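Asker: Quick one: the structure is below, and I'll ask about it shortly.
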Amino acid sequence: MRFRTIAIALGLLAAAGVAAPAHAEEGDVAWTVRTASNTYGAERSSYSYAVNPGGQVKDAMVVANRGKAPLSLAVYPGDGFTTGTGQLDLLTKDKPSIGIGAWLHAGNATVTVAPGQTAEVPFTLDVPGNATPGDYAGGIVTALAQPDSAQGINVERRLGIAVKLRVGGALHPALAVENLTVDFDGGDATVTYTIHNTGNAILSADQDVSVAGPFGLLRTGAGTVKAPPQLLPGETWQMTVPVHGVPRAGWLTARASLTPRLTDASGSTTSLPAVHAEARTVALPWLWLAGLVALIGILFLVRYLRRRTKARQDARVREAVDKALQAGGVTA
């Protein structure tokens, strides 16, 4: 039987201040995970630490068996990444981690929980002495492998809790707007660009997109633009923003402005200086287009008439020369 890992439940990884435990259910199997109550807090939605290079954190996760049979789960960490839907997910066990997934070590590789009981899984986060300062995201996962005879595979169901870490040192939050382009079609413009987290901090951003004519006249805004997800250092996010009702003002300039937003360990958000990018395209007014077409037509007509007149004049000259030569008894 082939083995395949399918992540179908990553509770609390995208939680926003929700302290309720995450749960996974499939037939007679049901379990929940939550953070342990200790000096770090009693009702945390996820794990969040600020540690200097070389530091260590000890914490725990609580697993509860809500099913009717004993439950044996694998326990392992993984680095985090942002999915195409903007959610935080974790690398599966077969993929190598270089951050939290490599630094976090569970007390046991498996945990067995009796029906109706809970078990605490301790873990240690050891930050290397040479760790680069900045933000990291990952998590600790409980996983259950079950056979799926219909597909001939083993299905791994995962349930985990996010771990966010800020390693002490200089913080350099920075976003860049890259590869900005603008397309114009019948009064509507489409602005596309890439948001790139070029710094070492997790960032989101407020966005403003507009299209204007020459000298910034006739500016048309895109309205409210949905904020990108929180991007980890090095990650990118593709944006496609429609701008409706753009006048044909000739030379159009599209502008995207991003105001990065940095969240600290307490949950407070700070706005950073905005970054901008521009791109241009041409959208001539209909009257201009009609005038341009007419002008081109006139130029072609003038050119044609000039050539025709010159041809007639050349013919007359040749005829006069021939007559003069014949009168003088000279044959050309």
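Every chain in the structure tokens has a letter given in the order shown (A, B, ...), and although residue numbers restart at 1 in each chain, ligands are simply numbered from 1 in the order shown.
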Excluding Gly101 (chain A) and its own-chain neighbours fewer than 2 positions away, which residues fall within 9 Å of it when counting only C-alpha atoms? Please give them as a list in words.
Answerer: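 Using only C-alpha atoms, the neighbours found are Tyr76, Pro77, Gly78, Asp79, Gly80, Leu90, Leu91, Pro96, Ser97, Ile98, Gly99, Trp103, Leu104, His105, Ala137, Gly138, Gly139 and Ile140 of chain A.
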Asker: Using the selection just defined, write its residues with N, CA, C and O atoms as a short mmCIF file (atom, residue, chain, number, x, y, z; two decimals), in the first residue's frame.
Answerer:
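After the write, result18.cif holds the following:
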data_model
loop_
_atom_site.label_atom_id
_atom_site.label_comp_id
_atom_site.auth_asym_id
_atom_site.auth_seq_id
_atom_site.Cartn_x
_atom_site.Cartn_y
_atom_site.Cartn_z
N TYR A 76 5.48 15.82 15.74
CA TYR A 76 6.69 16.35 15.10
C TYR A 76 6.50 17.83 14.78
O TYR A 76 5.38 18.31 14.62
N PRO A 77 7.61 18.58 14.66
CA PRO A 77 7.55 20.01 14.30
C PRO A 77 7.71 20.19 12.80
O PRO A 77 8.07 19.26 12.06
N GLY A 78 7.49 21.42 12.34
CA GLY A 78 7.70 21.74 10.93
C GLY A 78 7.79 23.25 10.74
O GLY A 78 7.21 24.02 11.51
N ASP A 79 8.54 23.66 9.73
CA ASP A 79 8.59 25.07 9.37
C ASP A 79 7.26 25.50 8.76
O ASP A 79 6.54 24.70 8.15
N GLY A 80 6.94 26.78 8.90
CA GLY A 80 5.70 27.30 8.35
C GLY A 80 5.89 27.94 6.99
O GLY A 80 7.00 28.35 6.63
N LEU A 90 2.13 24.01 7.56
CA LEU A 90 3.41 23.47 7.99
C LEU A 90 3.93 22.45 7.01
O LEU A 90 3.15 21.72 6.39
N LEU A 91 5.25 22.39 6.88
CA LEU A 91 5.86 21.35 6.07
C LEU A 91 5.54 19.98 6.66
O LEU A 91 5.46 19.82 7.88
N PRO A 96 12.41 18.70 4.66
CA PRO A 96 13.35 19.25 5.64
C PRO A 96 13.00 20.66 6.07
O PRO A 96 12.57 21.48 5.27
N SER A 97 13.17 20.93 7.35
CA SER A 97 12.98 22.27 7.92
C SER A 97 14.33 22.85 8.29
O SER A 97 15.27 22.11 8.62
N ILE A 98 14.41 24.19 8.26
CA ILE A 98 15.68 24.84 8.60
C ILE A 98 15.53 25.85 9.73
O ILE A 98 16.51 26.41 10.19
N GLY A 99 14.29 26.09 10.17
CA GLY A 99 14.03 27.06 11.22
C GLY A 99 13.42 26.37 12.43
O GLY A 99 14.02 25.46 13.03
N TRP A 103 14.59 23.38 15.09
CA TRP A 103 15.02 23.77 16.43
C TRP A 103 14.08 23.26 17.53
O TRP A 103 14.46 23.24 18.70
N LEU A 104 12.86 22.88 17.19
CA LEU A 104 11.89 22.43 18.19
C LEU A 104 11.95 20.91 18.30
O LEU A 104 11.95 20.19 17.29
N HIS A 105 11.99 20.42 19.53
CA HIS A 105 12.09 18.98 19.77
C HIS A 105 11.02 18.58 20.79
O HIS A 105 11.00 19.07 21.92
N ALA A 137 8.31 31.31 11.66
CA ALA A 137 7.01 30.69 11.93
C ALA A 137 7.10 29.20 11.66
O ALA A 137 7.78 28.76 10.72
N GLY A 138 6.44 28.45 12.48
CA GLY A 138 6.40 27.00 12.32
C GLY A 138 5.29 26.45 13.19
O GLY A 138 4.29 27.13 13.43
N GLY A 139 5.46 25.25 13.67
CA GLY A 139 4.43 24.68 14.52
C GLY A 139 4.79 23.29 14.98
O GLY A 139 5.79 22.70 14.55
N ILE A 140 3.97 22.77 15.87
CA ILE A 140 4.10 21.40 16.36
C ILE A 140 2.82 20.67 16.00
O ILE A 140 1.71 21.19 16.20
#
Asker: Counting only C-alpha atoms, give me one row per residue of region 137-204 of chain A with an atom at most 7 Å from an atom of region 46-69 of chain A, showing the shortest contact pair and its distance in Å to one decimal, sorted by chain then residue number, as JSON lines.
Answerer:
{"residue": "A:Ile161", "atom": "CA", "partner": "A:Ser46", "partner_atom": "CA", "distance": 5.9}
{"residue": "A:Ala162", "atom": "CA", "partner": "A:Ser46", "partner_atom": "CA", "distance": 5.4}
{"residue": "A:Val163", "atom": "CA", "partner": "A:Tyr47", "partner_atom": "CA", "distance": 4.6}
{"residue": "A:Lys164", "atom": "CA", "partner": "A:Ser48", "partner_atom": "CA", "distance": 4.7}
{"residue": "A:Leu165", "atom": "CA", "partner": "A:Tyr49", "partner_atom": "CA", "distance": 4.9}
{"residue": "A:Arg166", "atom": "CA", "partner": "A:Ala50", "partner_atom": "CA", "distance": 4.7}
{"residue": "A:Val167", "atom": "CA", "partner": "A:Val51", "partner_atom": "CA", "distance": 5.1}
{"residue": "A:Gly168", "atom": "CA", "partner": "A:Asn52", "partner_atom": "CA", "distance": 4.4}
Asker: Name the residues of region 150-291 of chain A that come out as alpha helix (DSSP H) in a backbone DSSP run; write them as a ChimeraX atom specification.
Answerer: /A:286-291
Asker: Let me see the file: selected residues, all heavy atoms, as a tab-separated table (two decimals), in the first residue's frame.
Answerer:
chain	number	residue	atom	x	y	z
A	286	TRP	N	-11.26	58.72	-27.59
A	286	TRP	CA	-11.84	58.34	-28.89
A	286	TRP	C	-11.67	59.44	-29.92
A	286	TRP	O	-11.38	59.18	-31.08
A	286	TRP	CB	-13.32	58.01	-28.71
A	286	TRP	CG	-13.57	56.75	-27.94
A	286	TRP	CD1	-14.19	56.64	-26.75
A	286	TRP	CD2	-13.18	55.43	-28.33
A	286	TRP	NE1	-14.22	55.33	-26.34
A	286	TRP	CE2	-13.60	54.55	-27.30
A	286	TRP	CE3	-12.50	54.89	-29.42
A	286	TRP	CZ2	-13.38	53.19	-27.35
A	286	TRP	CZ3	-12.29	53.52	-29.47
A	286	TRP	CH2	-12.73	52.69	-28.45
A	287	LEU	N	-11.86	60.71	-29.52
A	287	LEU	CA	-11.70	61.81	-30.46
A	287	LEU	C	-10.27	61.90	-30.95
A	287	LEU	O	-10.01	62.17	-32.13
A	287	LEU	CB	-12.12	63.14	-29.81
A	287	LEU	CG	-13.62	63.30	-29.54
A	287	LEU	CD1	-13.89	64.62	-28.83
A	287	LEU	CD2	-14.42	63.22	-30.85
A	288	TRP	N	-9.32	61.65	-30.02
A	288	TRP	CA	-7.93	61.64	-30.42
A	288	TRP	C	-7.66	60.51	-31.42
A	288	TRP	O	-6.95	60.69	-32.40
A	288	TRP	CB	-7.02	61.46	-29.20
A	288	TRP	CG	-6.94	62.66	-28.31
A	288	TRP	CD1	-7.79	63.72	-28.28
A	288	TRP	CD2	-5.96	62.90	-27.31
A	288	TRP	NE1	-7.42	64.61	-27.33
A	288	TRP	CE2	-6.29	64.14	-26.70
A	288	TRP	CE3	-4.85	62.20	-26.85
A	288	TRP	CZ2	-5.53	64.68	-25.68
A	288	TRP	CZ3	-4.09	62.73	-25.83
A	288	TRP	CH2	-4.44	63.96	-25.26
A	289	LEU	N	-8.24	59.36	-31.12
A	289	LEU	CA	-8.04	58.23	-32.03
A	289	LEU	C	-8.62	58.53	-33.40
A	289	LEU	O	-7.99	58.25	-34.43
A	289	LEU	CB	-8.69	56.97	-31.44
A	289	LEU	CG	-7.99	56.35	-30.23
A	289	LEU	CD1	-8.82	55.20	-29.68
A	289	LEU	CD2	-6.60	55.84	-30.61
A	290	ALA	N	-9.85	59.13	-33.42
A	290	ALA	CA	-10.48	59.47	-34.69
A	290	ALA	C	-9.63	60.50	-35.43
A	290	ALA	O	-9.42	60.41	-36.65
A	290	ALA	CB	-11.89	60.00	-34.46
A	291	GLY	N	-9.13	61.50	-34.70
A	291	GLY	CA	-8.29	62.52	-35.31
A	291	GLY	C	-6.99	61.93	-35.84
A	291	GLY	O	-6.51	62.31	-36.92
Asker: Need to verify the contact set: Pro233 (chain A), 7 Å, only C-alpha atoms, exclusion of same-chain residues closer than 5 positions in sequence. Can you return it as a count of residues only?
Answerer: 6
Asker: Report, in Å with one decimal, the straight-line distance from CA of Val111 (chain A) to CA of Leu159 (chain A).
Answerer: 13.3 Å
Asker: Do you know which residues are at most 6 Å from region 180-184 of chain A counting only C-alpha atoms, after dropping those on the same chain fewer than 5 positions away, and could you put them as a ChimeraX atom specification?
Answerer: /A:189-193,279
Asker: Could those selected residues go to a file with C-alpha atoms, as a short mmCIF file (atom, residue, chain, number, x, y, z; two decimals), in the first residue's frame?
Answerer:
data_model
loop_
_atom_site.label_atom_id
_atom_site.label_comp_id
_atom_site.auth_asym_id
_atom_site.auth_seq_id
_atom_site.Cartn_x
_atom_site.Cartn_y
_atom_site.Cartn_z
CA ALA A 189 -7.55 48.96 -16.01
CA THR A 190 -5.96 45.91 -14.40
CA VAL A 191 -2.93 46.48 -12.20
CA THR A 192 -0.79 43.47 -11.33
CA TYR A 193 2.27 43.31 -9.10
CA ALA A 279 3.87 51.61 -14.48
#
Asker: Could you tell me how far CA of Asp206 (chain A) sits from CA of Ala254 (chain A), in Å to one decimal place?
Answerer: 17.0 Å
